[in-house]
Amino acid sequence: MIRSKTFQRKKIMVMFLVIFFILMFLIGRLVYLMVFCSEYYGKKADDLHERERDIKAARGRILDVNGTVLATNKSVCTISVIHNQIEEPEAVIQMLVKELELSEETVRKRVEKVSSIERIKTNVDKEIGDRVRAYGLAGVKVDEDYKRYYPYETLASKVLGFTGSDNQGILGLEVKYDKYLQGTNGKILTLTDARGVEIENAGESRMEPINGNDLVISLDYNIQMYCEQAAKKAYLKKEAESVSVIVMNPQNGELMAMVNYPEFNLNDPFTLNYELTQEVSAEEHQNLLNQMWRNQCISDTYEPGSTFKTITAAAALEEKVVRLEDNFFCPGYKIVEDRRIRCARTNGHGAETFVTGIMNSCNPVFMEVGERLGRENFYKYFRQFGLLSKTNIDLPGEAATIMHKEENIGPVELATISFGQSFQITPIQLVTTVSSLINGGKRVTPHFGVRVQSEEGETVHTFAYETYEGICSAETSETMRFLLEKVVSEGGGKNAKIEGVEIGGKTATSQTLPRSDHKYISSFLGFAPASDPKVLVLVIIRDPEGIYYGGTIAAPVAKEIFENILPYLDK
């Protein structure tokens, strides 16, 4: 009995100690939270009664090389409602239907939705936003916002690109340089009570936005305009599928112009630049938009045709398998294995030297040159000249060269490659590769980005691009300039000739696949001055009606461009 009472006393004592320590722990925890964590939990409590709204930062502008504004911002508004603050729901609904031109069903659904804040419409013109604000209806919020605006609408549309509703880049330079152009949004913090109603006289706290930086690019508004006008004229005259133009400085890779006509309206990028003749599904419509936005200069590959003879000639000269005075004979065709591959001049050019062979753009001459080079050497120069790698232009969506595997190149493939058929490259790849063959042997990186600067014009970042020396020898480069000047002054490129100006160049006429469609691509690649190239121009006319020879229809377009831009560049 005595032992039982002693045991019970001990048991009570243990329970008391346990309860004591639990109470001490709880008191200690309470003191810790109230004293040492008061600031943290006070802030958490405040957060429960703060409503946050963004203040949009202005996106940086895009400026051409002379400071002309190509992309800027337009003030717009975002209209929202706060359900718990609305006092006259019917008045709010009717006002929003009237001012925003939305259906009553849409507005009512959003106004009556129980949420902390409900967005009714974005990108509202500032005048309309001011009218909505003037009603003074409780629960309706009008916040200043920015919408991307392109002063010249269609100018360089597939180069500049555009932004989405969140002001982030979607296409072109807008997406490539998005991290520089984007700013940092600010915040508006409003105090509310437990019901979510704003507390009177509590005021708002603001964190101001930081605007984005400006991007300066090498594109020249005036040169782009000259090129777009020339492209439009050729497009309409030849009823072509499209016309592309690239203007680049072959010495450093700076792109002065890039045209893909027809362009589209950057201020209305989701509307097709032509009328549909029948209804299409949403998926088909999106595919048509993707096609309209496509930059053919960098994303489309094609058989370059005779402009590629420039590359074949440079490889042969570099490998020393041909000399300028070498003699050839063109009967109008060449038999390769079981194939009879013809020349553009079906009755033949007769006896020729290598110089007259390139002036005449003679296929049999170049097939023989390709044979002298051989598969291994030809492939070696594909790599050396950079044809098997992308150019790394500062635009998204660049396509790669489509070339035979080396082991699959037989005599027929070797013959057709030598005059620019049976493989495909992009226009920007052709321009970049030829630049290295006429500038002394330096492969440059084609680019638009020059520098990033603040709103005040102070340089924040200057872009640098890779260059690769030793693509070809200085001697080969000098010879190529001599040969290509002969093509324009005396050969097939004479329609690009300008009195008193040294121009080098090469014409091309290639056929698209399938051959049975009888569709052609006419092109001309030229540079000036021929002895010391400062500007290179490529003109591509796709599927022209009627006469389709590059020397007849593309060379005159390049001539017109040179006539406009050479005096301008020499200003």
# chains A, B, ... in the order shown; residues from 1 in each chain; ligands from 1
>>> select_by_dssp(residues="stretch 293-518 of chain A", states="helix (DSSP H, G or I)", output="ChimeraX atom specification")
/A:293,296-299,305-319,354-359,363-385,406-408,411-418,427-438,474-489,494-496,515-517
>>> residues_around(residues="A:Leu272", least_positions_apart="3", cutoff="12 Å", atoms="only C-alpha atoms", output="list in words")
Pro262, Glu263, Phe264, Asn265, Leu266, Asp268, Pro269, Glu275, Leu276, His285, Gln286, Asn287, Leu288, Leu289, Asn290, Gln291, Met292 and Trp293 of chain A
>>> residues_around(residues="A:Ala508", least_positions_apart="4", cutoff="10 Å", atoms="only C-alpha atoms", output="list in words")
Glu303, Pro304, Gly305, Ser306, Thr307, Phe308, Lys309, Ser361, Phe419, Gly420, Gly492, Gly493, Ile521, Ser522, Ser523, Phe524, Leu525, Ile540, Tyr548, Tyr549, Gly550, Gly551, Ala554 and Ala555 of chain A
>>> write_last_selection(atoms="N, CA, C and O atoms", output="JSON list (two decimals), in the first residue's frame")
[["chain", "number", "residue", "atom", "x", "y", "z"],
["A", 303, "GLU", "N", 18.66, 26.30, -104.16],
["A", 303, "GLU", "CA", 19.81, 26.00, -105.01],
["A", 303, "GLU", "C", 20.34, 27.31, -105.55],
["A", 303, "GLU", "O", 19.63, 28.02, -106.27],
["A", 304, "PRO", "N", 21.57, 27.67, -105.22],
["A", 304, "PRO", "CA", 22.06, 29.00, -105.60],
["A", 304, "PRO", "C", 22.35, 29.16, -107.08],
["A", 304, "PRO", "O", 22.43, 30.29, -107.58],
["A", 305, "GLY", "N", 22.52, 28.04, -107.81],
["A", 305, "GLY", "CA", 22.82, 28.16, -109.23],
["A", 305, "GLY", "C", 24.19, 28.78, -109.45],
["A", 305, "GLY", "O", 25.12, 28.59, -108.67],
["A", 306, "SER", "N", 24.30, 29.58, -110.50],
["A", 306, "SER", "CA", 25.61, 30.04, -110.97],
["A", 306, "SER", "C", 26.33, 31.01, -110.03],
["A", 306, "SER", "O", 27.53, 31.22, -110.19],
["A", 307, "THR", "N", 25.64, 31.62, -109.07],
["A", 307, "THR", "CA", 26.38, 32.44, -108.11],
["A", 307, "THR", "C", 27.37, 31.57, -107.33],
["A", 307, "THR", "O", 28.40, 32.06, -106.84],
["A", 308, "PHE", "N", 27.07, 30.26, -107.24],
["A", 308, "PHE", "CA", 27.97, 29.35, -106.52],
["A", 308, "PHE", "C", 29.26, 29.09, -107.30],
["A", 308, "PHE", "O", 30.25, 28.62, -106.71],
["A", 309, "LYS", "N", 29.26, 29.41, -108.58],
["A", 309, "LYS", "CA", 30.49, 29.25, -109.36],
["A", 309, "LYS", "C", 31.62, 30.11, -108.80],
["A", 309, "LYS", "O", 32.79, 29.81, -109.00],
["A", 361, "SER", "N", 29.51, 32.17, -117.73],
["A", 361, "SER", "CA", 28.83, 31.29, -116.79],
["A", 361, "SER", "C", 28.61, 29.92, -117.41],
["A", 361, "SER", "O", 27.51, 29.36, -117.38],
["A", 419, "PHE", "N", 28.36, 23.76, -110.42],
["A", 419, "PHE", "CA", 27.66, 24.94, -110.96],
["A", 419, "PHE", "C", 26.41, 25.30, -110.16],
["A", 419, "PHE", "O", 25.52, 26.00, -110.63],
["A", 420, "GLY", "N", 26.36, 24.81, -108.88],
["A", 420, "GLY", "CA", 25.36, 25.34, -107.94],
["A", 420, "GLY", "C", 24.04, 24.62, -107.88],
["A", 420, "GLY", "O", 23.04, 25.23, -107.46],
["A", 492, "GLY", "N", 28.16, 38.09, -118.55],
["A", 492, "GLY", "CA", 26.72, 37.91, -118.36],
["A", 492, "GLY", "C", 26.08, 38.85, -117.35],
["A", 492, "GLY", "O", 24.85, 38.93, -117.29],
["A", 493, "GLY", "N", 26.89, 39.57, -116.59],
["A", 493, "GLY", "CA", 26.32, 40.49, -115.59],
["A", 493, "GLY", "C", 26.28, 41.93, -116.05],
["A", 493, "GLY", "O", 26.14, 42.84, -115.23],
["A", 521, "ILE", "N", 14.29, 30.52, -109.88],
["A", 521, "ILE", "CA", 14.76, 31.58, -108.98],
["A", 521, "ILE", "C", 15.85, 32.34, -109.72],
["A", 521, "ILE", "O", 16.85, 31.75, -110.16],
["A", 522, "SER", "N", 15.64, 33.63, -109.89],
["A", 522, "SER", "CA", 16.60, 34.49, -110.58],
["A", 522, "SER", "C", 17.36, 35.31, -109.55],
["A", 522, "SER", "O", 16.75, 35.85, -108.62],
["A", 523, "SER", "N", 18.68, 35.39, -109.70],
["A", 523, "SER", "CA", 19.44, 36.12, -108.69],
["A", 523, "SER", "C", 20.67, 36.80, -109.28],
["A", 523, "SER", "O", 21.13, 36.46, -110.37],
["A", 524, "PHE", "N", 21.15, 37.77, -108.53],
["A", 524, "PHE", "CA", 22.40, 38.45, -108.88],
["A", 524, "PHE", "C", 23.09, 38.85, -107.58],
["A", 524, "PHE", "O", 22.46, 39.40, -106.67],
["A", 525, "LEU", "N", 24.38, 38.54, -107.50],
["A", 525, "LEU", "CA", 25.18, 38.93, -106.36],
["A", 525, "LEU", "C", 26.29, 39.85, -106.86],
["A", 525, "LEU", "O", 27.05, 39.47, -107.76],
["A", 540, "ILE", "N", 17.31, 38.35, -105.04],
["A", 540, "ILE", "CA", 16.71, 37.05, -105.38],
["A", 540, "ILE", "C", 15.25, 37.28, -105.74],
["A", 540, "ILE", "O", 14.48, 37.83, -104.94],
["A", 548, "TYR", "N", 12.95, 34.71, -117.00],
["A", 548, "TYR", "CA", 13.39, 34.41, -115.63],
["A", 548, "TYR", "C", 14.91, 34.38, -115.46],
["A", 548, "TYR", "O", 15.39, 33.97, -114.40],
["A", 549, "TYR", "N", 15.67, 34.80, -116.45],
["A", 549, "TYR", "CA", 17.13, 34.73, -116.34],
["A", 549, "TYR", "C", 17.65, 35.80, -115.38],
["A", 549, "TYR", "O", 17.27, 36.98, -115.46],
["A", 550, "GLY", "N", 18.56, 35.38, -114.50],
["A", 550, "GLY", "CA", 19.09, 36.29, -113.49],
["A", 550, "GLY", "C", 19.76, 37.52, -114.08],
["A", 550, "GLY", "O", 19.60, 38.64, -113.57],
["A", 551, "GLY", "N", 20.52, 37.31, -115.17],
["A", 551, "GLY", "CA", 21.21, 38.43, -115.78],
["A", 551, "GLY", "C", 20.26, 39.42, -116.42],
["A", 551, "GLY", "O", 20.58, 40.61, -116.55],
["A", 554, "ALA", "N", 17.31, 40.13, -112.56],
["A", 554, "ALA", "CA", 17.82, 40.42, -111.21],
["A", 554, "ALA", "C", 18.96, 41.44, -111.25],
["A", 554, "ALA", "O", 19.05, 42.31, -110.37],
["A", 555, "ALA", "N", 19.83, 41.34, -112.27],
["A", 555, "ALA", "CA", 20.96, 42.28, -112.36],
["A", 555, "ALA", "C", 20.49, 43.75, -112.44],
["A", 555, "ALA", "O", 21.08, 44.61, -111.78]]
>>> residues_around(residues="A:Lys176", least_positions_apart="3", cutoff="10 Å", atoms="only C-alpha atoms", output="MDAnalysis selection string")
chainID A and resid 160:161 169:173 179:181 394:396 449
>>> residues_around(residues="A:Val65", least_positions_apart="5", cutoff="9 Å", atoms="only C-alpha atoms", output="PyMOL selection string")
chain A and resi 216-221+256+450
>>> write_last_selection(atoms="N, CA and C atoms", output="compact mmCIF listing (two decimals), in the first residue's frame")
# COMPACT_ATOMS: atom_id res chain seq x y z
N VAL A 216 20.90 49.88 -80.82
CA VAL A 216 21.33 50.53 -82.07
C VAL A 216 21.77 49.44 -83.03
N ILE A 217 21.24 49.45 -84.25
CA ILE A 217 21.56 48.41 -85.22
C ILE A 217 22.22 49.02 -86.46
N SER A 218 22.84 48.17 -87.25
CA SER A 218 23.57 48.62 -88.44
C SER A 218 22.66 48.92 -89.62
N LEU A 219 21.41 48.46 -89.57
CA LEU A 219 20.47 48.74 -90.66
C LEU A 219 20.32 50.25 -90.85
N ASP A 220 20.33 50.67 -92.10
CA ASP A 220 20.19 52.08 -92.45
C ASP A 220 18.81 52.28 -93.06
N TYR A 221 18.01 53.13 -92.42
CA TYR A 221 16.64 53.36 -92.88
C TYR A 221 16.58 53.72 -94.37
N MET A 256 23.29 46.35 -93.78
CA MET A 256 22.69 47.67 -93.97
C MET A 256 21.21 47.58 -94.35
N VAL A 450 24.71 46.57 -83.04
CA VAL A 450 25.93 47.37 -82.93
C VAL A 450 26.23 47.64 -81.45
>>> residues_around(residues="A:Thr106", least_positions_apart="5", cutoff="9 Å", atoms="only C-alpha atoms", output="list in words")
Val97, Val111 and Ile120 of chain A
>>> decode(residues="stretch 247-291 of chain A", atoms="N, CA and C atoms", output="PDB file, in the first residue's frame")
ATOM      1  N   VAL A 247      21.872  43.660 -98.210  1.00  0.00           N
ATOM      2  CA  VAL A 247      22.980  44.592 -98.420  1.00  0.00           C
ATOM      3  C   VAL A 247      23.886  44.491 -97.198  1.00  0.00           C
ATOM      4  N   MET A 248      25.154  44.159 -97.430  1.00  0.00           N
ATOM      5  CA  MET A 248      26.077  43.948 -96.314  1.00  0.00           C
ATOM      6  C   MET A 248      27.439  44.557 -96.612  1.00  0.00           C
ATOM      7  N   ASN A 249      28.111  45.000 -95.575  1.00  0.00           N
ATOM      8  CA  ASN A 249      29.508  45.409 -95.696  1.00  0.00           C
ATOM      9  C   ASN A 249      30.357  44.148 -95.617  1.00  0.00           C
ATOM     10  N   PRO A 250      31.014  43.738 -96.721  1.00  0.00           N
ATOM     11  CA  PRO A 250      31.757  42.476 -96.708  1.00  0.00           C
ATOM     12  C   PRO A 250      33.019  42.510 -95.866  1.00  0.00           C
ATOM     13  N   GLN A 251      33.406  43.698 -95.421  1.00  0.00           N
ATOM     14  CA  GLN A 251      34.618  43.820 -94.611  1.00  0.00           C
ATOM     15  C   GLN A 251      34.382  43.493 -93.135  1.00  0.00           C
ATOM     16  N   ASN A 252      33.165  43.782 -92.631  1.00  0.00           N
ATOM     17  CA  ASN A 252      32.924  43.564 -91.202  1.00  0.00           C
ATOM     18  C   ASN A 252      31.610  42.851 -90.884  1.00  0.00           C
ATOM     19  N   GLY A 253      30.795  42.539 -91.904  1.00  0.00           N
ATOM     20  CA  GLY A 253      29.557  41.794 -91.678  1.00  0.00           C
ATOM     21  C   GLY A 253      28.366  42.629 -91.264  1.00  0.00           C
ATOM     22  N   GLU A 254      28.514  43.962 -91.206  1.00  0.00           N
ATOM     23  CA  GLU A 254      27.370  44.803 -90.827  1.00  0.00           C
ATOM     24  C   GLU A 254      26.323  44.784 -91.939  1.00  0.00           C
ATOM     25  N   LEU A 255      25.095  44.472 -91.555  1.00  0.00           N
ATOM     26  CA  LEU A 255      23.988  44.408 -92.516  1.00  0.00           C
ATOM     27  C   LEU A 255      23.301  45.764 -92.588  1.00  0.00           C
ATOM     28  N   MET A 256      23.287  46.350 -93.783  1.00  0.00           N
ATOM     29  CA  MET A 256      22.687  47.673 -93.971  1.00  0.00           C
ATOM     30  C   MET A 256      21.212  47.583 -94.348  1.00  0.00           C
ATOM     31  N   ALA A 257      20.827  46.459 -94.939  1.00  0.00           N
ATOM     32  CA  ALA A 257      19.429  46.274 -95.340  1.00  0.00           C
ATOM     33  C   ALA A 257      19.162  44.793 -95.511  1.00  0.00           C
ATOM     34  N   MET A 258      17.917  44.406 -95.249  1.00  0.00           N
ATOM     35  CA  MET A 258      17.453  43.043 -95.522  1.00  0.00           C
ATOM     36  C   MET A 258      15.972  43.124 -95.827  1.00  0.00           C
ATOM     37  N   VAL A 259      15.625  42.776 -97.057  1.00  0.00           N
ATOM     38  CA  VAL A 259      14.242  42.899 -97.528  1.00  0.00           C
ATOM     39  C   VAL A 259      13.692  41.513 -97.846  1.00  0.00           C
ATOM     40  N   ASN A 260      12.462  41.275 -97.437  1.00  0.00           N
ATOM     41  CA  ASN A 260      11.721  40.077 -97.832  1.00  0.00           C
ATOM     42  C   ASN A 260      10.342  40.548 -98.277  1.00  0.00           C
ATOM     43  N   TYR A 261      10.228  40.898 -99.547  1.00  0.00           N
ATOM     44  CA  TYR A 261       8.976  41.503-100.032  1.00  0.00           C
ATOM     45  C   TYR A 261       8.051  40.405-100.570  1.00  0.00           C
ATOM     46  N   PRO A 262       6.745  40.427-100.212  1.00  0.00           N
ATOM     47  CA  PRO A 262       6.056  41.465 -99.442  1.00  0.00           C
ATOM     48  C   PRO A 262       6.299  41.350 -97.932  1.00  0.00           C
ATOM     49  N   GLU A 263       6.426  42.523 -97.305  1.00  0.00           N
ATOM     50  CA  GLU A 263       6.575  42.597 -95.862  1.00  0.00           C
ATOM     51  C   GLU A 263       5.173  42.617 -95.226  1.00  0.00           C
ATOM     52  N   PHE A 264       5.102  42.720 -93.904  1.00  0.00           N
ATOM     53  CA  PHE A 264       3.791  42.801 -93.237  1.00  0.00           C
ATOM     54  C   PHE A 264       3.796  43.965 -92.251  1.00  0.00           C
ATOM     55  N   ASN A 265       2.615  44.350 -91.784  1.00  0.00           N
ATOM     56  CA  ASN A 265       2.466  45.514 -90.894  1.00  0.00           C
ATOM     57  C   ASN A 265       2.788  45.110 -89.461  1.00  0.00           C
ATOM     58  N   LEU A 266       3.886  45.645 -88.942  1.00  0.00           N
ATOM     59  CA  LEU A 266       4.316  45.314 -87.586  1.00  0.00           C
ATOM     60  C   LEU A 266       3.336  45.790 -86.522  1.00  0.00           C
ATOM     61  N   ASN A 267       2.538  46.811 -86.829  1.00  0.00           N
ATOM     62  CA  ASN A 267       1.538  47.294 -85.871  1.00  0.00           C
ATOM     63  C   ASN A 267       0.271  46.450 -85.881  1.00  0.00           C
ATOM     64  N   ASP A 268       0.187  45.525 -86.819  1.00  0.00           N
ATOM     65  CA  ASP A 268      -0.960  44.616 -86.924  1.00  0.00           C
ATOM     66  C   ASP A 268      -0.458  43.261 -87.423  1.00  0.00           C
ATOM     67  N   PRO A 269       0.435  42.620 -86.662  1.00  0.00           N
ATOM     68  CA  PRO A 269       1.138  41.439 -87.176  1.00  0.00           C
ATOM     69  C   PRO A 269       0.297  40.179 -87.295  1.00  0.00           C
ATOM     70  N   PHE A 270      -0.894  40.185 -86.707  1.00  0.00           N
ATOM     71  CA  PHE A 270      -1.718  38.981 -86.772  1.00  0.00           C
ATOM     72  C   PHE A 270      -2.782  39.054 -87.874  1.00  0.00           C
ATOM     73  N   THR A 271      -2.646  40.054 -88.739  1.00  0.00           N
ATOM     74  CA  THR A 271      -3.513  40.157 -89.920  1.00  0.00           C
ATOM     75  C   THR A 271      -2.672  39.844 -91.148  1.00  0.00           C
ATOM     76  N   LEU A 272      -3.134  38.932 -91.982  1.00  0.00           N
ATOM     77  CA  LEU A 272      -2.397  38.543 -93.180  1.00  0.00           C
ATOM     78  C   LEU A 272      -2.251  39.735 -94.121  1.00  0.00           C
ATOM     79  N   ASN A 273      -1.146  39.765 -94.859  1.00  0.00           N
ATOM     80  CA  ASN A 273      -0.903  40.891 -95.772  1.00  0.00           C
ATOM     81  C   ASN A 273      -1.535  40.672 -97.140  1.00  0.00           C
ATOM     82  N   TYR A 274      -2.535  39.792 -97.187  1.00  0.00           N
ATOM     83  CA  TYR A 274      -3.324  39.569 -98.407  1.00  0.00           C
ATOM     84  C   TYR A 274      -4.680  39.042 -97.986  1.00  0.00           C
ATOM     85  N   GLU A 275      -5.645  39.101 -98.902  1.00  0.00           N
ATOM     86  CA  GLU A 275      -7.005  38.646 -98.580  1.00  0.00           C
ATOM     87  C   GLU A 275      -7.165  37.174 -98.930  1.00  0.00           C
ATOM     88  N   LEU A 276      -7.790  36.431 -98.024  1.00  0.00           N
ATOM     89  CA  LEU A 276      -8.055  35.018 -98.272  1.00  0.00           C
ATOM     90  C   LEU A 276      -9.270  34.879 -99.184  1.00  0.00           C
ATOM     91  N   THR A 277      -9.214  33.907-100.066  1.00  0.00           N
ATOM     92  CA  THR A 277     -10.338  33.689-100.996  1.00  0.00           C
ATOM     93  C   THR A 277     -11.357  32.722-100.428  1.00  0.00           C
ATOM     94  N   GLN A 278     -10.997  32.052 -99.318  1.00  0.00           N
ATOM     95  CA  GLN A 278     -11.930  31.124 -98.690  1.00  0.00           C
ATOM     96  C   GLN A 278     -11.635  31.033 -97.198  1.00  0.00           C
ATOM     97  N   GLU A 279     -12.603  30.504 -96.458  1.00  0.00           N
ATOM     98  CA  GLU A 279     -12.444  30.354 -95.013  1.00  0.00           C
ATOM     99  C   GLU A 279     -11.398  29.290 -94.721  1.00  0.00           C
ATOM    100  N   VAL A 280     -10.597  29.528 -93.667  1.00  0.00           N
ATOM    101  CA  VAL A 280      -9.604  28.537 -93.254  1.00  0.00           C
ATOM    102  C   VAL A 280      -9.742  28.292 -91.759  1.00  0.00           C
ATOM    103  N   SER A 281      -9.262  27.145 -91.306  1.00  0.00           N
ATOM    104  CA  SER A 281      -9.330  26.820 -89.887  1.00  0.00           C
ATOM    105  C   SER A 281      -8.318  27.670 -89.116  1.00  0.00           C
ATOM    106  N   ALA A 282      -8.465  27.670 -87.794  1.00  0.00           N
ATOM    107  CA  ALA A 282      -7.539  28.435 -86.948  1.00  0.00           C
ATOM    108  C   ALA A 282      -6.105  27.937 -87.131  1.00  0.00           C
ATOM    109  N   GLU A 283      -5.948  26.626 -87.253  1.00  0.00           N
ATOM    110  CA  GLU A 283      -4.609  26.054 -87.443  1.00  0.00           C
ATOM    111  C   GLU A 283      -4.015  26.480 -88.790  1.00  0.00           C
ATOM    112  N   GLU A 284      -4.839  26.438 -89.833  1.00  0.00           N
ATOM    113  CA  GLU A 284      -4.364  26.857 -91.157  1.00  0.00           C
ATOM    114  C   GLU A 284      -4.011  28.348 -91.164  1.00  0.00           C
ATOM    115  N   HIS A 285      -4.819  29.141 -90.460  1.00  0.00           N
ATOM    116  CA  HIS A 285      -4.555  30.573 -90.393  1.00  0.00           C
ATOM    117  C   HIS A 285      -3.220  30.845 -89.697  1.00  0.00           C
ATOM    118  N   GLN A 286      -2.956  30.096 -88.617  1.00  0.00           N
ATOM    119  CA  GLN A 286      -1.684  30.259 -87.917  1.00  0.00           C
ATOM    120  C   GLN A 286      -0.511  29.860 -88.806  1.00  0.00           C
ATOM    121  N   ASN A 287      -0.685  28.810 -89.592  1.00  0.00           N
ATOM    122  CA  ASN A 287       0.369  28.393 -90.523  1.00  0.00           C
ATOM    123  C   ASN A 287       0.641  29.473 -91.574  1.00  0.00           C
ATOM    124  N   LEU A 288      -0.426  30.133 -92.024  1.00  0.00           N
ATOM    125  CA  LEU A 288      -0.264  31.219 -92.994  1.00  0.00           C
ATOM    126  C   LEU A 288       0.464  32.407 -92.361  1.00  0.00           C
ATOM    127  N   LEU A 289       0.167  32.678 -91.091  1.00  0.00           N
ATOM    128  CA  LEU A 289       0.872  33.751 -90.380  1.00  0.00           C
ATOM    129  C   LEU A 289       2.353  33.409 -90.237  1.00  0.00           C
ATOM    130  N   ASN A 290       2.643  32.162 -89.864  1.00  0.00           N
ATOM    131  CA  ASN A 290       4.040  31.740 -89.722  1.00  0.00           C
ATOM    132  C   ASN A 290       4.802  31.901 -91.029  1.00  0.00           C
ATOM    133  N   GLN A 291       4.113  31.584 -92.112  1.00  0.00           N
ATOM    134  CA  GLN A 291       4.731  31.727 -93.436  1.00  0.00           C
ATOM    135  C   GLN A 291       4.970  33.202 -93.767  1.00  0.00           C
TER     136      GLN A 291
END
